[in-house]
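One file, run_36.txt, carrying compact mmCIF, C-alpha atoms:
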```txt
# COMPACT_ATOMS: atom_id res chain seq x y z
CA MET A 54 -100.92 0.91 -68.58
CA PRO A 55 -98.40 3.52 -69.74
CA GLN A 56 -94.85 3.04 -68.55
CA THR A 57 -92.91 5.54 -66.43
CA PRO A 58 -89.56 6.69 -67.88
CA ARG A 59 -87.80 5.35 -64.78
CA LEU A 60 -89.24 1.86 -65.29
CA ASP A 61 -88.34 1.94 -68.98
CA ASP A 62 -84.79 3.02 -68.16
CA LEU A 63 -84.37 0.27 -65.58
CA TYR A 64 -85.64 -2.33 -68.03
CA SER A 65 -83.31 -1.05 -70.77
CA LYS A 66 -80.31 -1.16 -68.43
CA LEU A 67 -81.18 -4.68 -67.33
CA MET A 68 -81.43 -5.84 -70.93
CA ASN A 69 -78.16 -3.99 -71.68
CA GLU A 70 -79.18 -3.49 -75.30
CA GLU A 71 -80.29 -0.55 -77.43
CA ASP A 72 -83.23 -2.56 -78.71
CA ALA A 73 -84.59 -3.38 -75.24
CA ARG A 74 -88.15 -3.01 -76.58
CA VAL A 75 -87.89 -6.14 -78.72
CA CYS A 76 -91.27 -7.91 -78.93
CA LYS A 77 -90.47 -11.35 -80.28
CA ASP A 78 -93.10 -14.09 -79.82
CA ILE A 79 -95.68 -12.01 -77.90
CA PRO A 80 -98.89 -10.26 -79.10
CA ASP A 81 -98.31 -6.80 -80.62
CA ALA A 82 -100.73 -5.27 -78.10
CA ALA A 83 -98.47 -6.39 -75.24
CA CYS A 84 -95.33 -4.61 -76.44
CA SER A 85 -95.93 -1.33 -74.62
CA ASP A 86 -96.55 -3.13 -71.31
CA VAL A 87 -93.41 -5.29 -71.32
CA PRO A 88 -91.39 -3.42 -68.62
CA GLN A 89 -94.30 -3.30 -66.18
CA ASN A 90 -95.19 -6.94 -66.75
CA PHE A 91 -91.55 -8.00 -66.52
CA PHE A 92 -90.92 -6.40 -63.12
CA ARG A 93 -94.25 -7.44 -61.63
CA GLN A 94 -93.50 -11.06 -62.47
CA VAL A 95 -89.94 -10.74 -61.18
CA LEU A 96 -91.23 -9.45 -57.83
CA ALA A 97 -94.03 -12.04 -57.56
CA ASN A 98 -91.68 -14.90 -58.43
CA THR A 99 -89.09 -13.60 -55.95
CA LEU A 100 -91.62 -13.62 -53.10
CA THR A 101 -92.88 -17.12 -53.87
CA SER A 102 -89.35 -18.48 -54.33
CA LEU A 103 -88.42 -17.10 -50.91
CA GLY A 104 -91.56 -18.71 -49.48
CA ASP A 105 -90.48 -22.03 -50.97
CA THR A 106 -87.15 -21.68 -49.16
CA LEU A 107 -88.79 -20.89 -45.83
CA THR A 108 -91.07 -23.93 -46.11
CA ASN A 109 -88.51 -26.37 -47.48
CA PRO A 110 -89.69 -29.97 -46.83
CA LYS A 111 -86.11 -31.06 -46.16
CA THR A 112 -85.74 -28.61 -43.26
CA THR A 113 -88.68 -26.63 -41.87
CA LEU A 114 -91.49 -29.10 -42.56
CA ALA A 115 -89.45 -32.12 -41.52
CA TRP A 116 -88.63 -30.44 -38.22
CA LEU A 117 -92.27 -29.47 -37.74
CA MET A 118 -93.42 -33.06 -38.22
CA GLY A 119 -90.89 -34.22 -35.66
CA VAL A 120 -92.01 -31.65 -33.09
CA VAL A 121 -95.67 -32.65 -33.32
CA GLY A 122 -94.71 -36.32 -32.91
CA ALA A 123 -95.68 -37.51 -36.39
CA PRO A 124 -94.51 -41.01 -37.42
CA VAL A 125 -91.38 -41.30 -39.52
CA ALA A 126 -93.44 -42.97 -42.26
CA LEU A 127 -95.36 -39.70 -42.74
CA ILE A 128 -92.21 -37.59 -42.67
CA ALA A 129 -90.81 -39.66 -45.55
CA TRP A 130 -93.66 -38.45 -47.77
CA LEU A 131 -92.90 -34.73 -47.45
CA VAL A 132 -90.50 -34.31 -50.38
CA PRO A 133 -92.33 -36.63 -52.86
CA ILE A 134 -95.68 -34.95 -52.18
CA ARG A 135 -94.25 -31.42 -52.28
CA GLU A 136 -92.56 -31.97 -55.66
CA SER A 137 -94.66 -34.62 -57.40
CA GLY A 138 -98.02 -33.40 -56.13
CA SER A 139 -97.63 -30.19 -58.09
CA MET A 140 -96.54 -31.96 -61.28
CA LEU A 141 -98.67 -35.07 -61.73
CA PRO A 142 -102.09 -33.34 -62.17
CA GLN A 143 -100.81 -30.76 -64.61
CA LEU A 144 -102.16 -32.51 -67.69
CA LEU A 145 -105.67 -32.10 -66.27
CA ILE A 146 -104.95 -28.58 -65.07
CA ALA A 147 -103.61 -27.54 -68.47
CA ALA A 148 -106.75 -28.74 -70.27
CA TRP A 149 -108.88 -26.68 -67.90
CA ILE A 150 -106.68 -23.59 -68.24
CA ARG A 151 -106.86 -23.81 -72.05
CA ARG A 152 -110.53 -22.77 -71.86
CA MET A 153 -109.59 -19.39 -70.39
CA PRO A 154 -108.42 -16.49 -72.57
CA TYR A 155 -106.82 -14.94 -69.46
CA ARG A 156 -104.65 -17.15 -67.23
CA ARG A 157 -103.46 -14.54 -64.72
CA GLY A 158 -106.39 -15.29 -62.42
CA VAL A 159 -105.42 -18.98 -62.23
CA TRP A 160 -102.01 -18.01 -60.86
CA ILE A 161 -103.62 -15.71 -58.28
CA VAL A 162 -105.99 -18.46 -57.10
CA GLY A 163 -103.09 -20.90 -56.84
CA SER A 164 -101.03 -18.42 -54.84
CA LEU A 165 -103.85 -17.74 -52.38
CA LEU A 166 -104.52 -21.47 -51.98
CA GLN A 167 -100.86 -22.01 -51.09
CA ALA A 168 -101.10 -19.25 -48.49
CA ALA A 169 -104.25 -20.81 -46.99
CA ALA A 170 -102.60 -24.25 -46.86
CA LEU A 171 -99.60 -22.87 -44.97
CA LEU A 172 -101.83 -21.03 -42.49
CA ALA A 173 -103.80 -24.22 -41.88
CA MET A 174 -100.57 -26.14 -41.46
CA GLY A 175 -99.41 -23.71 -38.80
CA ALA A 176 -102.75 -23.97 -36.97
CA VAL A 177 -102.56 -27.78 -36.96
CA ALA A 178 -99.01 -27.75 -35.61
CA TRP A 179 -99.97 -25.28 -32.89
CA SER A 180 -103.02 -27.18 -31.61
CA ILE A 181 -102.72 -30.90 -32.45
CA GLU A 182 -100.09 -33.56 -31.79
CA GLY A 183 -99.20 -37.08 -32.86
CA THR A 184 -100.31 -39.04 -35.90
CA LEU A 185 -103.40 -36.91 -36.44
CA ALA A 186 -101.30 -33.75 -36.62
CA GLY A 187 -98.91 -35.39 -39.08
CA ALA A 188 -101.77 -36.64 -41.28
CA LEU A 189 -103.41 -33.19 -41.34
CA ILE A 190 -100.12 -31.53 -42.22
CA ILE A 191 -99.78 -33.99 -45.11
CA VAL A 192 -103.32 -33.07 -46.25
CA CYS A 193 -102.37 -29.38 -46.15
CA LEU A 194 -99.23 -30.18 -48.13
CA VAL A 195 -101.29 -31.99 -50.79
CA ILE A 196 -103.45 -28.86 -51.20
CA PHE A 197 -100.33 -26.72 -51.28
CA SER A 198 -98.76 -28.90 -53.98
CA LEU A 199 -101.86 -28.95 -56.16
CA ALA A 200 -102.00 -25.15 -55.93
CA ARG A 201 -98.35 -25.02 -56.98
CA GLY A 202 -99.40 -26.94 -60.09
CA LEU A 203 -101.94 -24.23 -60.94
CA CYS A 204 -99.28 -21.55 -60.64
CA SER A 205 -96.71 -23.54 -62.58
CA VAL A 206 -98.85 -24.02 -65.67
CA ALA A 207 -100.42 -20.55 -65.60
CA SER A 208 -97.15 -18.69 -65.03
CA LYS A 209 -95.44 -20.22 -68.05
CA ASP A 210 -98.33 -19.14 -70.25
CA VAL A 211 -98.54 -15.62 -68.78
CA ILE A 212 -94.79 -15.15 -69.23
CA GLY A 213 -95.09 -16.40 -72.79
CA LYS A 214 -97.75 -13.77 -73.55
CA THR A 215 -96.21 -10.80 -71.70
CA VAL A 216 -92.41 -11.15 -71.87
CA PRO A 217 -90.64 -11.39 -75.25
CA LYS A 218 -88.46 -14.26 -76.34
CA THR A 219 -84.78 -13.64 -75.44
CA ARG A 220 -85.98 -11.87 -72.24
CA ARG A 221 -87.55 -14.77 -70.35
CA GLY A 222 -84.31 -16.27 -69.13
CA ARG A 223 -83.40 -12.97 -67.49
CA LEU A 224 -86.78 -12.84 -65.77
CA ASN A 225 -86.21 -16.27 -64.22
CA GLY A 226 -82.59 -15.43 -63.46
CA VAL A 227 -83.29 -12.11 -61.72
CA ALA A 228 -86.10 -13.58 -59.61
CA THR A 229 -83.95 -16.54 -58.59
CA SER A 230 -81.05 -14.25 -57.70
CA LEU A 231 -83.17 -11.93 -55.56
CA SER A 232 -84.81 -14.79 -53.69
CA GLY A 233 -81.38 -16.34 -53.22
CA TRP A 234 -80.07 -13.18 -51.54
CA LEU A 235 -83.08 -13.10 -49.23
CA ALA A 236 -82.63 -16.79 -48.42
CA LEU A 237 -78.98 -16.05 -47.72
CA ALA A 238 -80.00 -13.39 -45.20
CA PHE A 239 -82.26 -15.95 -43.52
CA GLY A 240 -79.39 -18.43 -43.34
CA VAL A 241 -77.11 -15.82 -41.76
CA TYR A 242 -79.84 -15.01 -39.24
CA CYS A 243 -80.08 -18.70 -38.30
CA LEU A 244 -76.30 -18.78 -37.86
CA ILE A 245 -76.33 -15.80 -35.50
CA TYR A 246 -79.60 -16.57 -33.69
CA PRO A 247 -80.22 -20.33 -34.04
CA PRO A 248 -83.74 -21.25 -32.85
CA SER A 249 -84.03 -23.80 -30.06
CA ASP A 250 -85.70 -27.14 -30.68
CA ASP A 251 -88.74 -26.18 -28.58
CA ASP A 252 -89.25 -22.69 -30.05
CA MET A 253 -92.61 -23.41 -31.67
CA LEU A 254 -93.39 -19.69 -31.89
CA PHE A 255 -90.46 -19.17 -34.27
CA TYR A 256 -91.58 -21.90 -36.67
CA ALA A 257 -95.24 -20.92 -36.48
CA ALA A 258 -94.25 -17.34 -37.33
CA LEU A 259 -92.15 -18.71 -40.17
CA LEU A 260 -95.16 -20.48 -41.71
CA ILE A 261 -97.37 -17.41 -41.27
CA GLY A 262 -94.70 -15.17 -42.78
CA ALA A 263 -94.33 -17.51 -45.76
CA ALA A 264 -98.12 -17.49 -46.27
CA LEU A 265 -98.09 -13.68 -46.34
CA LEU A 266 -95.44 -13.80 -49.07
CA TRP A 267 -97.87 -15.66 -51.33
CA VAL A 268 -100.66 -13.18 -50.51
CA ALA A 269 -98.37 -10.27 -51.43
CA ALA A 270 -97.34 -12.03 -54.64
CA ALA A 271 -101.01 -12.49 -55.62
CA LEU A 272 -101.66 -8.77 -55.10
CA ILE A 273 -98.67 -7.88 -57.29
CA TYR A 274 -99.71 -10.38 -59.98
CA ARG A 275 -103.12 -8.68 -60.28
CA GLY A 276 -101.40 -5.71 -61.91
CA ILE A 277 -100.08 -7.70 -64.89
CA ASP A 278 -101.63 -6.55 -68.17
CA GLU A 279 -102.29 -9.82 -69.99
CA ALA A 280 -103.55 -10.05 -73.56
CA PRO A 281 -106.21 -12.71 -74.26
CA GLY A 282 -104.90 -16.05 -75.54
CA ALA A 283 -106.24 -18.84 -77.70
CA THR A 284 -108.89 -21.07 -76.11
CA GLU A 285 -109.37 -23.74 -78.76
CA GLY A 286 -108.87 -27.29 -77.60
CA GLY A 287 -110.20 -26.76 -74.09
CA GLY A 288 -112.52 -29.73 -74.08
CA ASN A 289 -112.92 -32.57 -71.62
CA ALA A 290 -109.94 -32.46 -69.28
CA LEU A 291 -109.34 -36.20 -68.98
CA SER A 292 -109.66 -37.00 -72.68
CA HIS A 293 -107.53 -34.01 -73.56
CA ALA A 294 -104.89 -35.06 -71.02
CA LEU A 295 -104.69 -38.57 -72.44
CA GLY A 296 -104.42 -37.12 -75.92
CA ARG A 297 -101.58 -34.78 -74.92
CA ILE A 298 -99.49 -37.69 -73.66
CA SER A 299 -98.99 -38.56 -77.33
CA LEU A 300 -96.60 -35.59 -77.49
CA LEU A 301 -93.99 -37.83 -75.89
CA ARG A 302 -94.42 -40.32 -78.72
CA ASP A 303 -94.88 -38.02 -81.71
CA ASP A 304 -92.77 -34.95 -80.91
CA ALA A 305 -89.13 -36.10 -80.99
CA PRO A 306 -87.47 -32.81 -79.90
CA PHE A 307 -89.90 -32.49 -76.99
CA ARG A 308 -89.38 -36.14 -75.97
CA ARG A 309 -85.62 -35.62 -76.00
CA PHE A 310 -86.04 -32.54 -73.79
CA VAL A 311 -88.14 -34.47 -71.25
CA VAL A 312 -85.61 -37.31 -71.06
CA THR A 313 -82.80 -34.76 -70.69
CA ARG A 314 -84.69 -32.98 -67.92
CA ALA A 315 -85.24 -36.29 -66.13
CA LEU A 316 -81.52 -37.08 -66.22
CA LEU A 317 -80.71 -33.60 -64.93
CA LEU A 318 -82.69 -34.30 -61.77
CA CYS A 319 -79.27 -35.41 -60.52
CA SER A 320 -78.52 -31.81 -59.49
CA ALA A 321 -81.41 -31.89 -57.02
CA LEU A 322 -81.24 -35.53 -55.92
CA SER A 323 -77.54 -35.43 -55.07
CA ALA A 324 -77.81 -32.53 -52.59
CA PRO A 325 -78.79 -34.61 -49.51
CA TYR A 326 -75.78 -36.90 -49.95
CA TYR A 327 -73.36 -34.00 -49.55
CA VAL A 328 -75.12 -33.22 -46.27
CA VAL A 329 -74.89 -36.86 -45.15
CA MET A 330 -71.17 -36.98 -45.89
CA ALA A 331 -70.64 -33.71 -44.01
CA GLN A 332 -72.27 -35.14 -40.89
CA GLU A 333 -69.47 -37.71 -40.67
CA VAL A 334 -66.81 -35.00 -40.23
CA GLU A 335 -66.07 -33.51 -36.81
CA THR A 336 -66.25 -29.72 -36.93
CA SER A 337 -66.43 -26.73 -34.63
CA PHE A 338 -68.86 -24.59 -36.68
CA GLY A 339 -72.57 -24.80 -37.45
CA MET A 340 -72.71 -26.97 -40.55
CA LEU A 341 -76.43 -26.46 -41.21
CA GLY A 342 -76.06 -22.69 -41.24
CA ALA A 343 -73.09 -23.04 -43.57
CA PHE A 344 -75.18 -25.08 -46.00
CA LEU A 345 -77.99 -22.50 -45.92
CA VAL A 346 -75.55 -19.69 -46.64
CA ALA A 347 -73.85 -21.70 -49.41
CA ASN A 348 -77.17 -22.42 -51.10
CA GLY A 349 -78.32 -18.80 -50.88
CA LEU A 350 -75.02 -17.50 -52.27
CA ALA A 351 -75.07 -19.97 -55.15
CA SER A 352 -78.53 -18.90 -56.34
CA SER A 353 -77.86 -15.20 -55.84
CA LEU A 354 -74.55 -15.08 -57.65
CA SER A 355 -75.26 -17.43 -60.54
CA ALA A 356 -78.93 -17.29 -61.53
CA GLY A 357 -78.71 -13.89 -63.23
CA VAL A 358 -75.70 -15.05 -65.23
CA TRP A 359 -77.45 -18.29 -66.18
CA GLY A 360 -80.53 -16.28 -67.20
CA ARG A 361 -78.58 -14.05 -69.57
CA MET A 362 -76.81 -17.08 -71.03
CA SER A 363 -80.16 -18.87 -71.45
CA ASP A 364 -81.51 -16.05 -73.57
CA ALA A 365 -78.60 -16.68 -75.92
CA SER A 366 -78.75 -20.50 -75.75
CA SER A 367 -80.64 -22.37 -73.04
CA ARG A 368 -79.33 -25.60 -74.60
CA GLN A 369 -75.75 -24.58 -73.82
CA VAL A 370 -76.78 -23.69 -70.26
CA LEU A 371 -78.21 -27.18 -69.75
CA ILE A 372 -75.02 -28.78 -71.06
CA ARG A 373 -72.69 -26.67 -68.91
CA ALA A 374 -74.78 -26.96 -65.73
CA ALA A 375 -75.09 -30.73 -66.15
CA LEU A 376 -71.34 -31.13 -66.64
CA LEU A 377 -70.65 -29.04 -63.55
CA ALA A 378 -73.03 -31.10 -61.40
CA SER A 379 -71.81 -34.46 -62.71
CA LEU A 380 -68.07 -33.75 -62.42
CA LEU A 381 -68.39 -32.31 -58.92
CA GLY A 382 -69.24 -35.62 -57.23
CA PRO A 383 -66.12 -37.57 -58.20
CA VAL A 384 -63.88 -34.61 -57.31
CA VAL A 385 -65.40 -34.23 -53.84
CA ILE A 386 -65.22 -37.97 -53.16
CA ALA A 387 -61.57 -38.09 -54.24
CA ILE A 388 -60.66 -35.19 -51.93
CA ASP A 389 -62.69 -36.68 -49.07
CA LEU A 390 -60.99 -40.07 -49.32
CA TRP A 391 -57.43 -39.25 -50.27
CA ALA A 392 -56.54 -35.60 -49.57
CA PRO A 393 -54.76 -35.14 -46.19
CA LEU A 394 -56.76 -32.10 -44.99
CA PRO A 395 -57.07 -30.86 -41.37
CA ASP A 396 -60.48 -31.59 -39.84
CA ASN A 397 -61.83 -28.01 -39.97
CA LEU A 398 -60.61 -27.50 -43.53
CA HIS A 399 -61.99 -30.93 -44.46
CA ALA A 400 -65.38 -29.94 -43.04
CA TRP A 401 -65.52 -26.86 -45.29
CA LEU A 402 -65.17 -29.12 -48.33
CA PHE A 403 -68.87 -29.96 -48.19
CA PRO A 404 -70.42 -26.45 -47.90
CA VAL A 405 -68.09 -25.36 -50.72
CA ALA A 406 -69.21 -28.35 -52.80
CA PHE A 407 -72.82 -27.51 -51.92
CA PHE A 408 -72.18 -23.99 -53.20
CA VAL A 409 -70.88 -25.32 -56.52
CA LEU A 410 -73.79 -27.75 -56.75
CA GLY A 411 -76.18 -24.86 -56.09
CA ILE A 412 -74.67 -22.99 -59.04
CA ALA A 413 -75.17 -26.04 -61.25
CA HIS A 414 -78.73 -26.58 -60.02
CA ALA A 415 -79.61 -22.92 -60.66
CA GLY A 416 -78.34 -23.38 -64.22
CA VAL A 417 -80.45 -26.51 -64.72
CA ARG A 418 -83.57 -24.77 -63.39
CA VAL A 419 -83.17 -21.54 -65.37
CA GLY A 420 -82.06 -23.38 -68.51
CA ARG A 421 -84.89 -25.88 -68.64
CA LYS A 422 -87.55 -23.25 -67.81
CA THR A 423 -86.30 -20.98 -70.59
CA TYR A 424 -85.95 -23.88 -73.04
CA VAL A 425 -89.53 -25.12 -72.62
CA LEU A 426 -90.87 -21.55 -72.85
CA ASP A 427 -89.04 -20.84 -76.10
CA MET A 428 -89.49 -24.18 -77.86
CA ALA A 429 -93.22 -23.61 -78.48
CA GLY A 430 -95.80 -20.84 -78.51
CA GLY A 431 -99.49 -20.43 -77.77
CA ASN A 432 -101.42 -23.35 -76.32
CA LYS A 433 -98.64 -25.74 -77.33
CA ARG A 434 -96.49 -24.11 -74.66
CA THR A 435 -99.10 -24.98 -72.03
CA ASP A 436 -99.17 -28.60 -73.24
CA TYR A 437 -95.38 -28.87 -73.20
CA VAL A 438 -95.18 -27.58 -69.63
CA ALA A 439 -97.97 -29.83 -68.41
CA VAL A 440 -96.79 -33.03 -70.10
CA SER A 441 -93.15 -32.57 -69.09
CA ASN A 442 -94.03 -31.72 -65.49
CA SER A 443 -96.39 -34.68 -65.19
CA ALA A 444 -93.75 -37.04 -66.56
CA ILE A 445 -91.11 -35.65 -64.18
CA GLY A 446 -93.55 -35.99 -61.29
CA LEU A 447 -93.88 -39.72 -61.96
CA ILE A 448 -90.12 -40.07 -62.21
CA LEU A 449 -89.63 -38.22 -58.92
CA LEU A 450 -91.94 -40.67 -57.16
CA ALA A 451 -89.90 -43.53 -58.61
CA THR A 452 -86.70 -42.03 -57.20
CA GLY A 453 -87.89 -43.20 -53.79
CA LEU A 454 -86.16 -46.46 -54.76
CA PHE A 455 -82.88 -44.59 -54.40
CA GLY A 456 -83.39 -44.82 -50.65
CA LEU A 457 -82.95 -48.59 -50.91
CA LEU A 458 -79.81 -48.19 -53.00
CA SER A 459 -78.22 -45.72 -50.60
CA SER A 460 -78.33 -48.28 -47.78
CA LEU A 461 -76.26 -50.62 -49.97
CA ILE A 462 -73.69 -48.31 -51.57
CA GLY A 463 -73.63 -45.36 -49.16
CA ALA A 464 -73.66 -41.62 -49.79
CA ALA A 465 -70.43 -41.65 -51.81
CA GLY A 466 -71.73 -44.43 -54.03
CA MET A 467 -74.95 -42.52 -54.62
CA LEU A 468 -73.00 -39.42 -55.59
CA LEU A 469 -71.04 -41.42 -58.15
CA LEU A 470 -74.23 -42.96 -59.53
CA LEU A 471 -75.97 -39.59 -59.82
CA SER A 472 -72.85 -38.09 -61.39
CA GLY A 473 -73.10 -40.74 -64.11
CA VAL A 474 -76.78 -39.88 -64.61
CA GLY A 475 -75.90 -36.19 -64.92
CA LEU A 476 -73.17 -36.93 -67.44
CA ALA A 477 -75.68 -38.85 -69.56
CA GLY A 478 -77.98 -35.81 -69.34
CA ALA A 479 -75.21 -33.50 -70.53
CA LEU A 480 -74.48 -35.76 -73.50
CA LEU A 481 -78.16 -35.95 -74.43
CA ALA A 482 -78.52 -32.16 -74.12
CA VAL A 483 -75.93 -31.82 -76.88
CA SER A 484 -78.47 -33.34 -79.28
CA LEU A 485 -81.24 -30.88 -78.35
CA PRO A 486 -82.14 -28.35 -81.06
CA GLU A 487 -81.44 -24.68 -80.45
CA VAL A 488 -84.66 -22.77 -79.69
CA GLN A 489 -83.35 -19.20 -79.27
CA GLN A 490 -82.37 -18.78 -82.94
CA ASP A 491 -85.88 -18.43 -84.39
```

Go ahead and render the structure in this file as structure tokens.
Amino acid sequence: MPQTPRLDDLYSKLMNEEDARVCKDIPDAACSDVPQNFFRQVLANTLTSLGDTLTNPKTTLAWLMGVVGAPVALIAWLVPIRESGSMLPQLLIAAWIRRMPYRRGVWIVGSLLQAAALLAMGAVAWSIEGTLAGALIIVCLVIFSLARGLCSVASKDVIGKTVPKTRRGRLNGVATSLSGWLALAFGVYCLIYPPSDDDMLFYAALLIGAALLWVAAALIYRGIDEAPGATEGGGNALSHALGRISLLRDDAPFRRFVVTRALLLCSALSAPYYVVMAQEVETSFGMLGAFLVANGLASSLSAGVWGRMSDASSRQVLIRAALLASLLGPVVIAIDLWAPLPDNLHAWLFPVAFFVLGIAHAGVRVGRKTYVLDMAGGNKRTDYVAVSNSAIGLILLATGLFGLLSSLIGAAGMLLLLSGVGLAGALLAVSLPEVQQD
């Protein structure tokens, strides 16, 4: 599709370079469609990222399970299923996707399946109560998570074929920033008009609205002009998946990246402990709304910067973001224990820390996405994404043991432990090879 001058100009300004039409590491036929493909993927990723915020398992879904009277044992599975469910099957998904010269349709199917799962979840919550409602919501979440896996693998490959190297970090950064601003607006709304605990209509509308975001994203994604890709190697899914696991043994740079990524989970796993510590402080303002605003501001203000830095060196982004996340914990604990702050000022310590942590987490996310995209091309990119996500999914399930540790050492102890993990990740990231120089 030919580009409009306005779209070309906007793309050139965003790249901030004379040679904005660079076509590194994509098919020659895709060069003329780069601006269109770039902005369509930015918009689609923005909508789905906002949907992820609106259906966060730590907030919206946990509340929903409580309202329908689901057992606590089922509520405890929300986060592991949401995150790990989309990662663990990706080795099988990747082998299936390899058979297709066009992977755009896989993303569209995954997006529509996520929308259907959210609509079903809303219907269950509206009409059923108790353990049955909780179990059905979990089933819907499993479908949702598997569909997320489809989108995760397909999107990396579509980006790799339609957006040039040294531009992919900005795509992730712009989408994360836009969704962060929209999430911030939602947080401000909740501060001004907090929903009551029995306002089921509000939460049902929230699920329906989130589902419509995925439908809109699928419609936008249809317009991406994708060149055909290689299909060799798309044999039996299970045997191919088992064969791809050998990448962790034979590919040393990739193995080092996966271990680094696992250690950098600290930026996500430490977030709840800041919230727990904040609940122990008496305050006169709405702490939950403050955390929502802090998280939205962090993504909006930092992701674009991280994206531009990732296009120069995603390795350096991983190092800096990991250091920021790992040094934050000890500083906050020291202020909490020993600084003589007034109660209201003391209470603001935790939303501010959450803001800084959000900046670090945005850097980890943008950096590792850009790194894995740029470290390999073609079908190898699909394998890298699938193997690393499957490995991280297993590790995320294992982090459930942290719940046992937290009862022994408390939230502050967990923050110190995770800070040590993050520091180890930063040190290991130093040994990663640069992938933006080729």

Practice prompt. Find, counting all atoms listed in the file, the residue in A:Val329, A:Val425, A:Ala97, A:Val311 that gets nearest to Met467 of chain A.
Written response: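 Result for the nearest residue to Met467 of chain A: A:Val329.
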
Worksheet item: Skipping near chain neighbours, those fewer than 6 positions away, what residues fall within 9 Å of Ala479 of chain A using all atoms listed in the file, listed as a VMD selection string?
Response: chain A and resid 313 316 to 317 371 to 376 379

If you keep C-alpha atoms, can you produce a file of those selected residues as an mmCIF file, in the frame of the given file?
```
data_model
loop_
_atom_site.group_PDB
_atom_site.id
_atom_site.type_symbol
_atom_site.label_atom_id
_atom_site.label_comp_id
_atom_site.auth_asym_id
_atom_site.auth_seq_id
_atom_site.Cartn_x
_atom_site.Cartn_y
_atom_site.Cartn_z
ATOM 1 C CA THR A 313 -82.800 -34.760 -70.690
ATOM 2 C CA LEU A 316 -81.520 -37.080 -66.220
ATOM 3 C CA LEU A 317 -80.710 -33.600 -64.930
ATOM 4 C CA LEU A 371 -78.210 -27.180 -69.750
ATOM 5 C CA ILE A 372 -75.020 -28.780 -71.060
ATOM 6 C CA ARG A 373 -72.690 -26.670 -68.910
ATOM 7 C CA ALA A 374 -74.780 -26.960 -65.730
ATOM 8 C CA ALA A 375 -75.090 -30.730 -66.150
ATOM 9 C CA LEU A 376 -71.340 -31.130 -66.640
ATOM 10 C CA SER A 379 -71.810 -34.460 -62.710
#
```

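Of the listed residues A:Leu237, A:Val211, A:Ile273, A:Val95, the one whose atoms come nearest to Ser164 of chain A is A:Ile273, with distances taken using all atoms listed in the file.
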
Practice prompt. Measuring atom to atom with all atoms listed in the file, identify which of A:Val440, A:Ile245, A:Leu476, A:Ala406 is nearest to Pro325 of chain A.
Written response: A:Ala406

Practice prompt. Could you jot down the atom CA of Gly446 of chain A to atom CA of Gly475 of chain A separation for me, Å, one decimal place?
Written response: 18.0 Å
